[in-house]
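The structure under discussion appears below in the form of structure tokens.
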Amino acid sequence: MMLLSIVTLPLVGALLTPLVSRRSTAILPALIAGTIGITVVSMLLSQAMGVLGGSILIEHYPWLPGIGLSPAFRLDALGLFFALIIAGMGLLITLYAHFYFAGKHGAVRFHSLMLAFMGAMLGIVTSENLLFMLVFWEMTSLVSFVLIGFHQDERPARRGARMTLVITGGGGLALLAGVLLIGNSAGSFRLSDILAPEAALTSDPLYPWMLGLVLIGAMTKSAQFPFHLWLPNAMTAPTPVSAYLHSATMVKAGIFLLARLNPALGDTEAWLYSISTAGMATLLTGAFIAMFKHDTKELLAYSTVSHLGLITLLVGLSTRMAMVAALFHLLNHALFKAPLFMMAGAVQKATGTRDMRRINGLWRTLPALTVISAVAAASMAGLPLLAGYLSKKMFFIESMNASVMPPLQWLTPALAAIAGLFSAAYSFRIFHNVFFNGQPQDLPVWPPKNPGVGIQVPAAVLALAVVLVSWHAESVVHGLIGPVASAAAGSALPDYDMHQLHHIGTAFFMSLAAMLGGLLLYMAREPLFRLYDQLPPADAREIFEWLMTRAGGNAERLVHALENGSVQRYIALIILSTIALAGPVLLSGIQWHGGEALTPVDPLTGMGLVLLMATAVGVVLGHHQRLFALLLLGSAGLFVTLTFARFSAPDLALTQLSVEVMAVIIMMLALSFLPQATPRESSGFRKGRDLGIAALGGLGVGLVSFAIMTRPHSTIADFFLSQSKPGGGGSNVVNVILVDFRGFDTLGEITVLGIAAVAVFALTRNLQLKDRIPQERDQYWASNPHPLILRTMARPILPIALMVSAYIFLRGHNMPGGGFIAGLITAVALSLQYMAGSLAWAHERMLTPFRPLIGLGLLLACGTGLGSLVFGEAFLSSWFGHYKLPLLGHLELATALLFDLGVFTTVVGATLLILANLGKLMTVHGPGKEIG
Amino acid sequence: MEALYAIAVGVLTACGIYLVLRGRTFPVIMGLTLLSHGVNLFLFASGRLALAAPAVIGESADPTDPLPQALVLTAIVISFAMTAFVVVLALRAAVELRNDHVDGVDPEEDWRP
């Protein structure tokens, strides 16, 4: 339960917050978010000892085990590490956001979305089932879309949000494909199985695909080159969002994924080269561009891109201790980057701008923030004594240990040092430019106002954490990072040798060079900015927007090409694609004749089938004369009935017969309002094309049918045949299947029938047909609507028909018959009264309206089903018993009979509702009065 | 017998498809009915063709497969419901749009209700 509640608590809170707090100024939303944050953190901490000791908590909730879809949660050291960062940082951001939004519009929405995001992130890092991890993964993409577009009325915010969604959402799709491949190969979606050595994914022939697709997912999420574009553009989000999503959580999800799947997919050359190349490219691009950004948040965004590249590179290097360095730097990055974002937000509040060319010398106004930022920026720059220095030095050491090809050995450390140089430079810049560097220049808010203590507290806490981690680096690395890296590596790693960090060796000189070089670079910034401005402007955002517009335009053209408004064309396309899908299978050389001997054709059956074909062809040939074609169609139905009867399906024959009668009556009613002839308007080409499609379709279906019939018959029928009597209490197996074994299907089916009838009722309700009936109809239709003979005969037929219906109904469980057939017979008998008399005449004599009848039947059927629940049986289980009654003798009663009565009632109600409402259209009184 | 039956299923399907591809609603409805017949017979045949062997306990020594029959019975009723609905839909469309073309636009404008 614990892991489940860790994930669901924030999600529930997200739903709760907007419900309980309507006013944005209230403290309530922050209070809810804060309480949830504290609860989650303490729950995680309560497990920390055991999990860091190497135990793995797994919770499993069976849901759809058949397709491997069961929510399962897993807490190992790696998950715990990320979960603590997510929840702890969430807590601080909540505090920050409370002051950031103080009294402003949107706080409720923000806290609610924030909680949703936190829940989704916690879900990613604690999922045991990869499919569920994907769901949470997509959830973070969606929530971040809303968060980045928080100021919906601003165009850049909307564009940034859309870009994020396109890139991370697209990556999510790639990841989905990759996960499916992995699950397919490992035979399970559970991490325990996938991470096990037996899964042997790296030797799967599809391994490159798995790696590539997973990599795209991770790289888009963690803003790796060339997908890094979305991160700078996401800076339109409110600062708390950037501080949370874009420094500590969402952008780390991709790295988490790589670390998580490292035991399954890692340790190959493909892994090493693809991931480290991507990481290196990202590291350099981000570090270079960051230096030249004048907007504080944009600088931080590019710096984040670069640090993410660094961590990714370390994950990819696959040296023994690279994972330790990666995770340690990940922790440090979260600790120093979030307070810098918070600083950017506070400074924006104080000065009204984020432009570093205008913000200068704020140390007088914001002394506390100056100290906080000094610590954070120094850690980012990698200045000695701070945690950032240690993890960066680890990085330099690992870059030299990397097992890349000999001629390139020097390349990785060299590039690493260059990136370190730029990173030091932009760290100096953001600190020095904001807090020193002379006086502020034409600030929108003058004089800069102090944004208050509250908003600085979370940043102070994080700065303190940086100092603590720096002082106790050894115990943090050994006690926390070590176990986490072991969990990520899939095997226990030895303790990291901290002494090498204090050696004065190559790595030390690399650090020194980066620091001094960075300082020089910063001092030479003015000419460099001028140089950078002269570079050809390559605005990636414009390229992206252009691509989006192109994609949209192409999609539109494709839609217009396919969807030209012609229904005929759609149907032709649907049928053609079905043929295209099924055709190759049929032509792939399978045996059309399955091997079973054919049964001989007896003349009678053969003639029936030939006549069936003849009537069908007749309908096609005569379809321009509609009444004639309809009569032929009725005969086709009759031959189908005979076919069923001939091949041992009496129930089907009875049903088909009664349905055919009703269907022809309904179509005839409709025909009396429609043109009597179909115009000959199809061109020769159109006819030929349709004939071709029809021939192909018919040929295919016929061949499949033949192939099925001539194959050995293996069926589950034996179960039904043997259980029909002992289990269902009836000897007519078809009926027992309908009302008992598969009663749920039947319930659904009568529901559909009821809905169709009500829809007919609704469609005919205000239909004004009377004046629009074409005059020509008189020459086709009888002038006397109610002939005397029909009227006289219809009345005595009614009781006889009802008696037959009752008989068919009662015997249905044991002999051919049942609720459907009885219902249809009753409906036919009653509709005869409508035709023979008149609508008004018959309707006056109806005891009940039809719609309640449908409802009653459905209630009866459902009630029977629910009744079995009372007796502790499954829904719709039937019960039966044998009785000896005086006069009637032996009688068998089954609850299935009640169910069948429900079917009967619905069928009668639905059929008559359809018929009476169509008939109503013909009456002189018109559709004024409602029927049914 | 199987071959003839399969041909019948194929012919019904082909006729159904041809009519479904027509431009006026009424032939399309007739085509749907033929197509339903074809599909029902196709499904039914998956239980194989047996003479005089209804799936009633005690009626025959070797009863035929009852499962496809139960499925087809459901299919028959559903296709009846569908036919009724489509018929009324066609009627309503003909009245509202003043023509009975499936696209709702009469290429010839020759019929006004």
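Naming works like this for the structure tokens: A, B, ... for the chains as they're shown, residue 1 at the start of each chain, ligands 1 onward in shown order.
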Practice task
Using only C-alpha atoms, determine which residues lie at most 12 Å from Asp100 (chain B), disregarding the query and same-chain residues fewer than 2 positions distant; provide the list as a PyMOL selection string.
Solution key: (chain A and resi 670-671+673-679) or (chain B and resi 22-29+87+89-98+102-113)
Check: which chain A residues lie within 7 Å of chain B using only C-alpha atoms, as a compact mmCIF listing (two decimals) with all heavy atoms, in the first residue's frame:
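Final file, part.txt:
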# COMPACT_ATOMS: atom_id res chain seq x y z
N GLY A 565 -15.52 14.15 -49.08
CA GLY A 565 -16.95 14.29 -48.87
C GLY A 565 -17.78 13.21 -49.54
O GLY A 565 -18.99 13.18 -49.39
N SER A 566 -17.14 12.31 -50.27
CA SER A 566 -17.89 11.26 -50.94
C SER A 566 -17.91 10.00 -50.10
O SER A 566 -16.88 9.34 -49.90
CB SER A 566 -17.27 10.96 -52.30
OG SER A 566 -17.72 9.70 -52.76
N VAL A 567 -19.08 9.67 -49.57
CA VAL A 567 -19.21 8.48 -48.73
C VAL A 567 -18.87 7.23 -49.53
O VAL A 567 -18.25 6.30 -49.03
CB VAL A 567 -20.63 8.39 -48.15
CG1 VAL A 567 -20.76 7.18 -47.25
CG2 VAL A 567 -20.96 9.65 -47.37
N GLN A 568 -19.28 7.25 -50.81
CA GLN A 568 -18.99 6.08 -51.66
C GLN A 568 -17.50 5.79 -51.70
O GLN A 568 -17.07 4.65 -51.63
CB GLN A 568 -19.48 6.35 -53.09
CG GLN A 568 -20.97 6.23 -53.25
CD GLN A 568 -21.40 6.80 -54.58
OE1 GLN A 568 -21.48 8.01 -54.74
NE2 GLN A 568 -21.66 5.93 -55.53
N ILE A 571 -16.19 4.23 -48.47
CA ILE A 571 -16.50 2.80 -48.35
C ILE A 571 -15.59 2.00 -49.27
O ILE A 571 -15.04 0.97 -48.88
CB ILE A 571 -17.99 2.55 -48.66
CG1 ILE A 571 -18.85 3.28 -47.63
CG2 ILE A 571 -18.30 1.07 -48.63
CD1 ILE A 571 -20.31 3.13 -47.84
N ALA A 572 -15.43 2.51 -50.49
CA ALA A 572 -14.55 1.81 -51.43
C ALA A 572 -13.15 1.69 -50.84
O ALA A 572 -12.52 0.62 -50.90
CB ALA A 572 -14.51 2.54 -52.76
N LEU A 598 -14.89 -33.37 -48.91
CA LEU A 598 -16.10 -32.57 -49.13
C LEU A 598 -17.32 -33.46 -49.00
O LEU A 598 -17.29 -34.64 -49.35
CB LEU A 598 -16.07 -31.94 -50.51
CG LEU A 598 -14.90 -30.97 -50.79
CD1 LEU A 598 -15.08 -30.33 -52.15
CD2 LEU A 598 -14.85 -29.90 -49.72
N THR A 599 -18.39 -32.89 -48.48
CA THR A 599 -19.64 -33.66 -48.42
C THR A 599 -20.34 -33.55 -49.76
O THR A 599 -20.19 -32.55 -50.47
CB THR A 599 -20.55 -33.13 -47.31
OG1 THR A 599 -20.66 -31.72 -47.45
CG2 THR A 599 -19.99 -33.44 -45.94
N PRO A 600 -21.09 -34.61 -50.15
CA PRO A 600 -21.77 -34.56 -51.46
C PRO A 600 -22.89 -33.52 -51.47
O PRO A 600 -23.46 -33.19 -50.43
CB PRO A 600 -22.34 -35.97 -51.60
CG PRO A 600 -22.46 -36.48 -50.22
CD PRO A 600 -21.33 -35.86 -49.43
N VAL A 601 -23.16 -33.00 -52.66
CA VAL A 601 -24.24 -32.02 -52.83
C VAL A 601 -25.53 -32.77 -53.07
O VAL A 601 -25.62 -33.55 -54.02
CB VAL A 601 -23.93 -31.10 -54.02
CG1 VAL A 601 -25.04 -30.08 -54.19
CG2 VAL A 601 -22.59 -30.44 -53.86
N LEU A 609 -29.35 -23.27 -52.67
CA LEU A 609 -28.21 -22.35 -52.68
C LEU A 609 -28.12 -21.60 -54.00
O LEU A 609 -27.83 -20.40 -54.03
CB LEU A 609 -26.92 -23.12 -52.41
CG LEU A 609 -26.74 -23.57 -50.94
CD1 LEU A 609 -25.52 -24.47 -50.80
CD2 LEU A 609 -26.62 -22.38 -50.02
N MET A 613 -28.32 -17.53 -54.59
CA MET A 613 -27.41 -16.71 -55.38
C MET A 613 -28.18 -15.95 -56.45
O MET A 613 -27.95 -14.75 -56.68
CB MET A 613 -26.34 -17.57 -56.04
CG MET A 613 -25.33 -18.11 -55.05
SD MET A 613 -24.05 -19.01 -55.90
CE MET A 613 -24.48 -20.70 -55.56
N ALA A 616 -29.92 -12.97 -55.01
CA ALA A 616 -28.98 -11.90 -54.67
C ALA A 616 -28.56 -11.15 -55.93
O ALA A 616 -28.56 -9.92 -55.97
CB ALA A 616 -27.77 -12.47 -53.97
N VAL A 617 -28.21 -11.92 -56.98
CA VAL A 617 -27.83 -11.28 -58.24
C VAL A 617 -29.01 -10.49 -58.80
O VAL A 617 -28.85 -9.39 -59.32
CB VAL A 617 -27.34 -12.35 -59.25
CG1 VAL A 617 -27.08 -11.71 -60.61
CG2 VAL A 617 -26.08 -13.03 -58.72
N VAL A 620 -29.25 -7.13 -57.32
CA VAL A 620 -28.28 -6.19 -57.90
C VAL A 620 -28.75 -5.73 -59.28
O VAL A 620 -28.76 -4.53 -59.58
CB VAL A 620 -26.89 -6.86 -58.01
CG1 VAL A 620 -25.95 -5.97 -58.80
CG2 VAL A 620 -26.33 -7.13 -56.62
N HIS A 623 -31.88 -3.39 -59.02
CA HIS A 623 -31.98 -2.42 -57.92
C HIS A 623 -32.46 -1.05 -58.36
O HIS A 623 -32.77 -0.20 -57.54
CB HIS A 623 -30.64 -2.32 -57.16
CG HIS A 623 -29.62 -1.48 -57.83
ND1 HIS A 623 -28.72 -1.96 -58.75
CD2 HIS A 623 -29.34 -0.15 -57.71
CE1 HIS A 623 -27.94 -0.98 -59.16
NE2 HIS A 623 -28.29 0.12 -58.54
N ARG A 646 -31.83 -26.20 -43.16
CA ARG A 646 -31.27 -27.41 -43.76
C ARG A 646 -30.03 -27.87 -42.99
O ARG A 646 -29.85 -29.06 -42.76
CB ARG A 646 -30.91 -27.12 -45.22
CG ARG A 646 -30.32 -28.28 -45.99
CD ARG A 646 -31.37 -29.35 -46.17
NE ARG A 646 -30.83 -30.52 -46.87
CZ ARG A 646 -31.39 -31.72 -46.81
NH1 ARG A 646 -32.49 -31.91 -46.09
NH2 ARG A 646 -30.87 -32.73 -47.47
N PHE A 647 -29.23 -26.92 -42.57
CA PHE A 647 -27.97 -27.29 -41.91
C PHE A 647 -28.10 -27.26 -40.39
O PHE A 647 -27.27 -26.71 -39.67
CB PHE A 647 -26.82 -26.39 -42.38
CG PHE A 647 -26.47 -26.58 -43.81
CD1 PHE A 647 -26.61 -25.57 -44.73
CD2 PHE A 647 -26.01 -27.82 -44.26
CE1 PHE A 647 -26.30 -25.76 -46.06
CE2 PHE A 647 -25.69 -28.01 -45.60
CZ PHE A 647 -25.85 -26.99 -46.50
N SER A 648 -29.17 -27.85 -39.90
CA SER A 648 -29.32 -28.14 -38.47
C SER A 648 -29.28 -26.93 -37.56
O SER A 648 -28.70 -26.95 -36.49
CB SER A 648 -28.22 -29.10 -37.99
OG SER A 648 -28.01 -30.12 -38.90
N ALA A 649 -29.92 -25.82 -38.00
CA ALA A 649 -29.97 -24.67 -37.10
C ALA A 649 -31.40 -24.15 -37.01
O ALA A 649 -31.73 -23.09 -37.53
CB ALA A 649 -29.04 -23.57 -37.59
N LEU A 652 -31.94 -20.60 -35.63
CA LEU A 652 -31.56 -19.55 -36.57
C LEU A 652 -32.62 -19.38 -37.63
O LEU A 652 -32.97 -18.26 -37.99
CB LEU A 652 -30.23 -19.90 -37.24
CG LEU A 652 -29.00 -19.77 -36.37
CD1 LEU A 652 -27.75 -19.90 -37.23
CD2 LEU A 652 -29.00 -18.43 -35.68
N GLN A 656 -34.44 -15.94 -38.26
CA GLN A 656 -34.25 -15.28 -39.55
C GLN A 656 -35.60 -15.05 -40.22
O GLN A 656 -35.83 -13.98 -40.79
CB GLN A 656 -33.34 -16.14 -40.44
CG GLN A 656 -33.05 -15.54 -41.79
CD GLN A 656 -32.08 -14.37 -41.69
OE1 GLN A 656 -31.00 -14.48 -41.15
NE2 GLN A 656 -32.51 -13.22 -42.20
N VAL A 659 -37.42 -12.20 -38.39
CA VAL A 659 -36.71 -10.94 -38.63
C VAL A 659 -36.92 -10.47 -40.06
O VAL A 659 -37.15 -9.30 -40.33
CB VAL A 659 -35.20 -11.11 -38.33
CG1 VAL A 659 -34.39 -10.05 -39.04
CG2 VAL A 659 -34.95 -11.05 -36.86
N ALA A 663 -38.20 -6.93 -41.21
CA ALA A 663 -37.29 -6.06 -41.95
C ALA A 663 -37.91 -5.63 -43.27
O ALA A 663 -37.83 -4.45 -43.66
CB ALA A 663 -35.96 -6.77 -42.19
N ILE A 666 -40.55 -3.01 -42.70
CA ILE A 666 -39.98 -1.70 -42.39
C ILE A 666 -39.42 -1.04 -43.64
O ILE A 666 -39.66 0.15 -43.92
CB ILE A 666 -38.86 -1.85 -41.32
CG1 ILE A 666 -39.49 -2.17 -39.98
CG2 ILE A 666 -38.03 -0.59 -41.22
CD1 ILE A 666 -38.48 -2.50 -38.91
N MET A 667 -38.70 -1.83 -44.44
CA MET A 667 -38.12 -1.24 -45.64
C MET A 667 -39.20 -0.83 -46.62
O MET A 667 -39.07 0.18 -47.34
CB MET A 667 -37.15 -2.23 -46.29
CG MET A 667 -35.86 -2.34 -45.49
SD MET A 667 -34.86 -3.73 -45.96
CE MET A 667 -34.02 -3.07 -47.34
N ALA A 670 -40.62 2.44 -45.53
CA ALA A 670 -39.72 3.54 -45.86
C ALA A 670 -39.77 3.83 -47.35
O ALA A 670 -39.76 4.98 -47.79
CB ALA A 670 -38.30 3.20 -45.44
N ASP A 690 -16.53 -0.65 -59.20
CA ASP A 690 -17.27 -1.27 -58.10
C ASP A 690 -17.42 -2.76 -58.30
O ASP A 690 -17.33 -3.54 -57.34
CB ASP A 690 -18.64 -0.61 -57.96
CG ASP A 690 -18.51 0.84 -57.50
OD1 ASP A 690 -17.38 1.23 -57.15
OD2 ASP A 690 -19.51 1.55 -57.51
N LEU A 691 -17.65 -3.14 -59.56
CA LEU A 691 -17.75 -4.59 -59.84
C LEU A 691 -16.45 -5.28 -59.47
O LEU A 691 -16.44 -6.36 -58.89
CB LEU A 691 -18.08 -4.82 -61.31
CG LEU A 691 -19.55 -4.92 -61.67
CD1 LEU A 691 -19.71 -5.10 -63.18
CD2 LEU A 691 -20.20 -6.09 -60.93
N ALA A 694 -16.18 -5.50 -55.72
CA ALA A 694 -17.14 -6.49 -55.22
C ALA A 694 -16.65 -7.90 -55.52
O ALA A 694 -16.72 -8.79 -54.66
CB ALA A 694 -18.50 -6.24 -55.84
N ALA A 695 -16.14 -8.09 -56.76
CA ALA A 695 -15.69 -9.43 -57.13
C ALA A 695 -14.53 -9.86 -56.25
O ALA A 695 -14.51 -11.00 -55.75
CB ALA A 695 -15.27 -9.44 -58.60
N GLY A 697 -13.78 -8.78 -53.24
CA GLY A 697 -14.26 -9.01 -51.88
C GLY A 697 -14.98 -10.33 -51.77
O GLY A 697 -14.73 -11.13 -50.85
N GLY A 698 -15.89 -10.59 -52.72
CA GLY A 698 -16.65 -11.84 -52.68
C GLY A 698 -15.74 -13.04 -52.82
O GLY A 698 -15.87 -14.03 -52.08
N LEU A 699 -14.78 -12.91 -53.73
CA LEU A 699 -13.83 -14.01 -53.94
C LEU A 699 -13.07 -14.31 -52.65
O LEU A 699 -12.94 -15.46 -52.23
CB LEU A 699 -12.86 -13.62 -55.05
CG LEU A 699 -11.98 -14.74 -55.60
CD1 LEU A 699 -12.84 -15.72 -56.37
CD2 LEU A 699 -10.88 -14.17 -56.50
N VAL A 701 -13.86 -13.56 -49.47
CA VAL A 701 -14.69 -14.12 -48.40
C VAL A 701 -15.03 -15.57 -48.71
O VAL A 701 -14.98 -16.45 -47.84
CB VAL A 701 -15.97 -13.27 -48.22
CG1 VAL A 701 -16.92 -13.94 -47.24
CG2 VAL A 701 -15.60 -11.89 -47.72
N GLY A 702 -15.38 -15.83 -50.00
CA GLY A 702 -15.70 -17.21 -50.38
C GLY A 702 -14.53 -18.15 -50.13
O GLY A 702 -14.70 -19.24 -49.58
N LEU A 703 -13.33 -17.70 -50.52
CA LEU A 703 -12.14 -18.55 -50.35
C LEU A 703 -11.88 -18.82 -48.87
O LEU A 703 -11.59 -19.96 -48.47
CB LEU A 703 -10.91 -17.87 -50.96
CG LEU A 703 -10.72 -18.10 -52.45
CD1 LEU A 703 -9.54 -17.30 -52.96
CD2 LEU A 703 -10.51 -19.59 -52.71
N SER A 705 -14.01 -18.74 -46.46
CA SER A 705 -15.06 -19.63 -45.97
C SER A 705 -14.75 -21.08 -46.35
O SER A 705 -14.84 -21.99 -45.52
CB SER A 705 -16.40 -19.18 -46.57
OG SER A 705 -17.42 -20.04 -46.15
N PHE A 706 -14.35 -21.26 -47.62
CA PHE A 706 -14.03 -22.62 -48.08
C PHE A 706 -12.85 -23.19 -47.30
O PHE A 706 -12.86 -24.33 -46.85
CB PHE A 706 -13.71 -22.57 -49.58
CG PHE A 706 -13.44 -23.92 -50.18
CD1 PHE A 706 -14.48 -24.82 -50.36
CD2 PHE A 706 -12.16 -24.29 -50.54
CE1 PHE A 706 -14.23 -26.07 -50.90
CE2 PHE A 706 -11.90 -25.53 -51.09
CZ PHE A 706 -12.94 -26.43 -51.27
N ILE A 708 -11.90 -22.44 -44.33
CA ILE A 708 -12.28 -22.79 -42.95
C ILE A 708 -13.04 -24.11 -42.93
O ILE A 708 -12.75 -25.01 -42.13
CB ILE A 708 -13.15 -21.67 -42.34
CG1 ILE A 708 -12.32 -20.41 -42.11
CG2 ILE A 708 -13.77 -22.13 -41.02
CD1 ILE A 708 -13.11 -19.24 -41.60
N MET A 709 -14.01 -24.22 -43.86
CA MET A 709 -14.90 -25.40 -43.81
C MET A 709 -14.16 -26.69 -44.10
O MET A 709 -14.58 -27.75 -43.67
CB MET A 709 -16.04 -25.21 -44.80
CG MET A 709 -17.14 -24.31 -44.26
SD MET A 709 -18.58 -24.30 -45.32
CE MET A 709 -18.01 -23.34 -46.69
N ALA A 717 -17.08 -26.52 -28.46
CA ALA A 717 -18.50 -26.83 -28.32
C ALA A 717 -18.75 -27.96 -27.33
O ALA A 717 -19.82 -28.01 -26.70
CB ALA A 717 -19.08 -27.22 -29.67
N SER A 731 -32.03 -28.43 -22.71
CA SER A 731 -31.41 -29.29 -23.70
C SER A 731 -31.21 -28.59 -25.04
O SER A 731 -30.51 -29.10 -25.91
CB SER A 731 -32.20 -30.59 -23.88
OG SER A 731 -33.55 -30.29 -24.05
N ASN A 732 -31.83 -27.40 -25.24
CA ASN A 732 -31.53 -26.64 -26.45
C ASN A 732 -30.28 -25.82 -26.19
O ASN A 732 -30.31 -24.76 -25.57
CB ASN A 732 -32.71 -25.74 -26.81
CG ASN A 732 -32.42 -24.91 -28.06
OD1 ASN A 732 -31.40 -25.11 -28.72
ND2 ASN A 732 -33.32 -24.01 -28.39
N VAL A 733 -29.14 -26.34 -26.69
CA VAL A 733 -27.87 -25.78 -26.30
C VAL A 733 -27.74 -24.32 -26.77
O VAL A 733 -27.20 -23.47 -26.05
CB VAL A 733 -26.71 -26.62 -26.86
CG1 VAL A 733 -25.39 -26.17 -26.27
CG2 VAL A 733 -26.94 -28.08 -26.55
N VAL A 734 -28.27 -24.02 -27.98
CA VAL A 734 -28.16 -22.65 -28.49
C VAL A 734 -28.85 -21.69 -27.53
O VAL A 734 -28.31 -20.65 -27.16
CB VAL A 734 -28.78 -22.56 -29.90
CG1 VAL A 734 -28.75 -21.13 -30.40
CG2 VAL A 734 -28.04 -23.47 -30.86
N ILE A 737 -26.90 -21.31 -24.31
CA ILE A 737 -25.76 -20.40 -24.50
C ILE A 737 -26.23 -18.96 -24.43
O ILE A 737 -25.63 -18.12 -23.76
CB ILE A 737 -25.06 -20.67 -25.86
CG1 ILE A 737 -24.37 -22.02 -25.84
CG2 ILE A 737 -24.05 -19.57 -26.17
CD1 ILE A 737 -23.74 -22.39 -27.17
N LEU A 738 -27.36 -18.68 -25.09
CA LEU A 738 -27.84 -17.31 -25.16
C LEU A 738 -28.26 -16.76 -23.81
O LEU A 738 -27.98 -15.61 -23.46
CB LEU A 738 -29.00 -17.19 -26.14
CG LEU A 738 -28.64 -17.24 -27.61
CD1 LEU A 738 -29.90 -17.23 -28.44
CD2 LEU A 738 -27.77 -16.06 -27.97
N GLU A 749 -26.96 -7.23 -26.38
CA GLU A 749 -27.65 -7.22 -27.66
C GLU A 749 -29.06 -6.62 -27.55
O GLU A 749 -29.46 -5.79 -28.37
CB GLU A 749 -27.72 -8.67 -28.11
CG GLU A 749 -28.52 -8.90 -29.32
CD GLU A 749 -28.81 -10.37 -29.45
OE1 GLU A 749 -28.29 -11.15 -28.62
OE2 GLU A 749 -29.56 -10.74 -30.34
N LEU A 753 -30.71 -3.27 -29.31
CA LEU A 753 -32.02 -3.27 -29.97
C LEU A 753 -32.87 -2.15 -29.39
O LEU A 753 -33.52 -1.39 -30.12
CB LEU A 753 -32.68 -4.64 -29.76
CG LEU A 753 -33.95 -4.89 -30.55
CD1 LEU A 753 -33.65 -4.86 -32.03
CD2 LEU A 753 -34.55 -6.24 -30.18
N ALA A 756 -31.62 1.22 -30.56
CA ALA A 756 -31.98 1.46 -31.96
C ALA A 756 -33.44 1.89 -32.05
O ALA A 756 -33.78 2.83 -32.77
CB ALA A 756 -31.73 0.20 -32.78
N VAL A 760 -34.93 5.39 -33.42
CA VAL A 760 -35.94 5.51 -34.47
C VAL A 760 -37.07 6.42 -34.01
O VAL A 760 -37.53 7.31 -34.73
CB VAL A 760 -36.48 4.12 -34.85
CG1 VAL A 760 -37.70 4.24 -35.72
CG2 VAL A 760 -35.42 3.31 -35.54
N LEU A 763 -35.87 9.94 -34.22
CA LEU A 763 -35.67 10.45 -35.57
C LEU A 763 -36.99 10.72 -36.28
O LEU A 763 -37.08 11.59 -37.14
CB LEU A 763 -34.83 9.46 -36.38
CG LEU A 763 -33.33 9.52 -36.18
CD1 LEU A 763 -32.66 8.40 -36.95
CD2 LEU A 763 -32.79 10.85 -36.65
N LEU A 767 -40.70 14.50 -37.85
CA LEU A 767 -40.52 14.37 -39.30
C LEU A 767 -41.82 14.75 -40.00
O LEU A 767 -42.85 14.11 -39.78
CB LEU A 767 -40.14 12.91 -39.58
CG LEU A 767 -39.46 12.62 -40.89
CD1 LEU A 767 -38.20 13.43 -41.04
CD2 LEU A 767 -39.11 11.14 -40.95
N ARG A 772 -44.86 15.91 -48.39
CA ARG A 772 -43.71 15.71 -49.27
C ARG A 772 -43.74 14.38 -49.98
O ARG A 772 -42.82 14.04 -50.69
CB ARG A 772 -42.41 15.81 -48.47
CG ARG A 772 -42.30 17.16 -47.80
CD ARG A 772 -40.97 17.27 -47.18
NE ARG A 772 -40.85 18.55 -46.49
CZ ARG A 772 -39.88 18.81 -45.65
NH1 ARG A 772 -38.98 17.90 -45.39
NH2 ARG A 772 -39.82 19.98 -45.05
N ILE A 773 -44.78 13.58 -49.71
CA ILE A 773 -44.84 12.29 -50.36
C ILE A 773 -44.99 12.50 -51.86
O ILE A 773 -45.89 13.21 -52.29
CB ILE A 773 -46.01 11.46 -49.83
CG1 ILE A 773 -45.81 11.24 -48.33
CG2 ILE A 773 -46.15 10.15 -50.57
CD1 ILE A 773 -47.01 10.66 -47.66
N PRO A 774 -44.09 11.92 -52.65
CA PRO A 774 -44.18 12.17 -54.10
C PRO A 774 -45.46 11.60 -54.68
O PRO A 774 -45.95 10.55 -54.26
CB PRO A 774 -42.94 11.47 -54.64
CG PRO A 774 -42.53 10.52 -53.58
CD PRO A 774 -42.98 11.08 -52.29
N MET A 815 -36.29 -26.95 -26.53
CA MET A 815 -36.49 -27.19 -27.96
C MET A 815 -36.25 -25.87 -28.67
O MET A 815 -36.23 -24.83 -28.05
CB MET A 815 -37.94 -27.65 -28.21
CG MET A 815 -38.31 -28.92 -27.50
SD MET A 815 -37.43 -30.33 -28.15
CE MET A 815 -38.26 -30.54 -29.72
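We find CA of Leu15 (chain A) and CA of Ala33 (chain A) to be spaced 11.3 Å apart.
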If you take only C-alpha atoms and a cut-off of 7 Å, which residues of region 177-247 of chain A touch region 327-346 of chain A, and what are their nearest atom pairs and distances in Å to one decimal, in chain and number order, as CSV?
residue,atom,partner,partner_atom,distance
A:Thr239,CA,A:Gly345,CA,5.4
A:Ser242,CA,A:Phe341,CA,6.9
A:Ala243,CA,A:Ala338,CA,4.9
A:Tyr244,CA,A:Ala338,CA,7.0
A:Ser247,CA,A:Ala338,CA,5.8
Problem - Atomic separation - CA of Ala290 (chain A) relative to CA of Leu272 (chain A), Å - result: 26.5 Å
Problem - Spatial neighbours of Ile93 (chain A), max dist 12 Å, only C-alpha atoms, sep filter under 4 positions, as a PyMOL selection string - result: chain A and resi 30+33-34+37+85-89+97-101+110-111+114-115+118+238-245+247-249+338-339+341-342+345+454-459+461-462
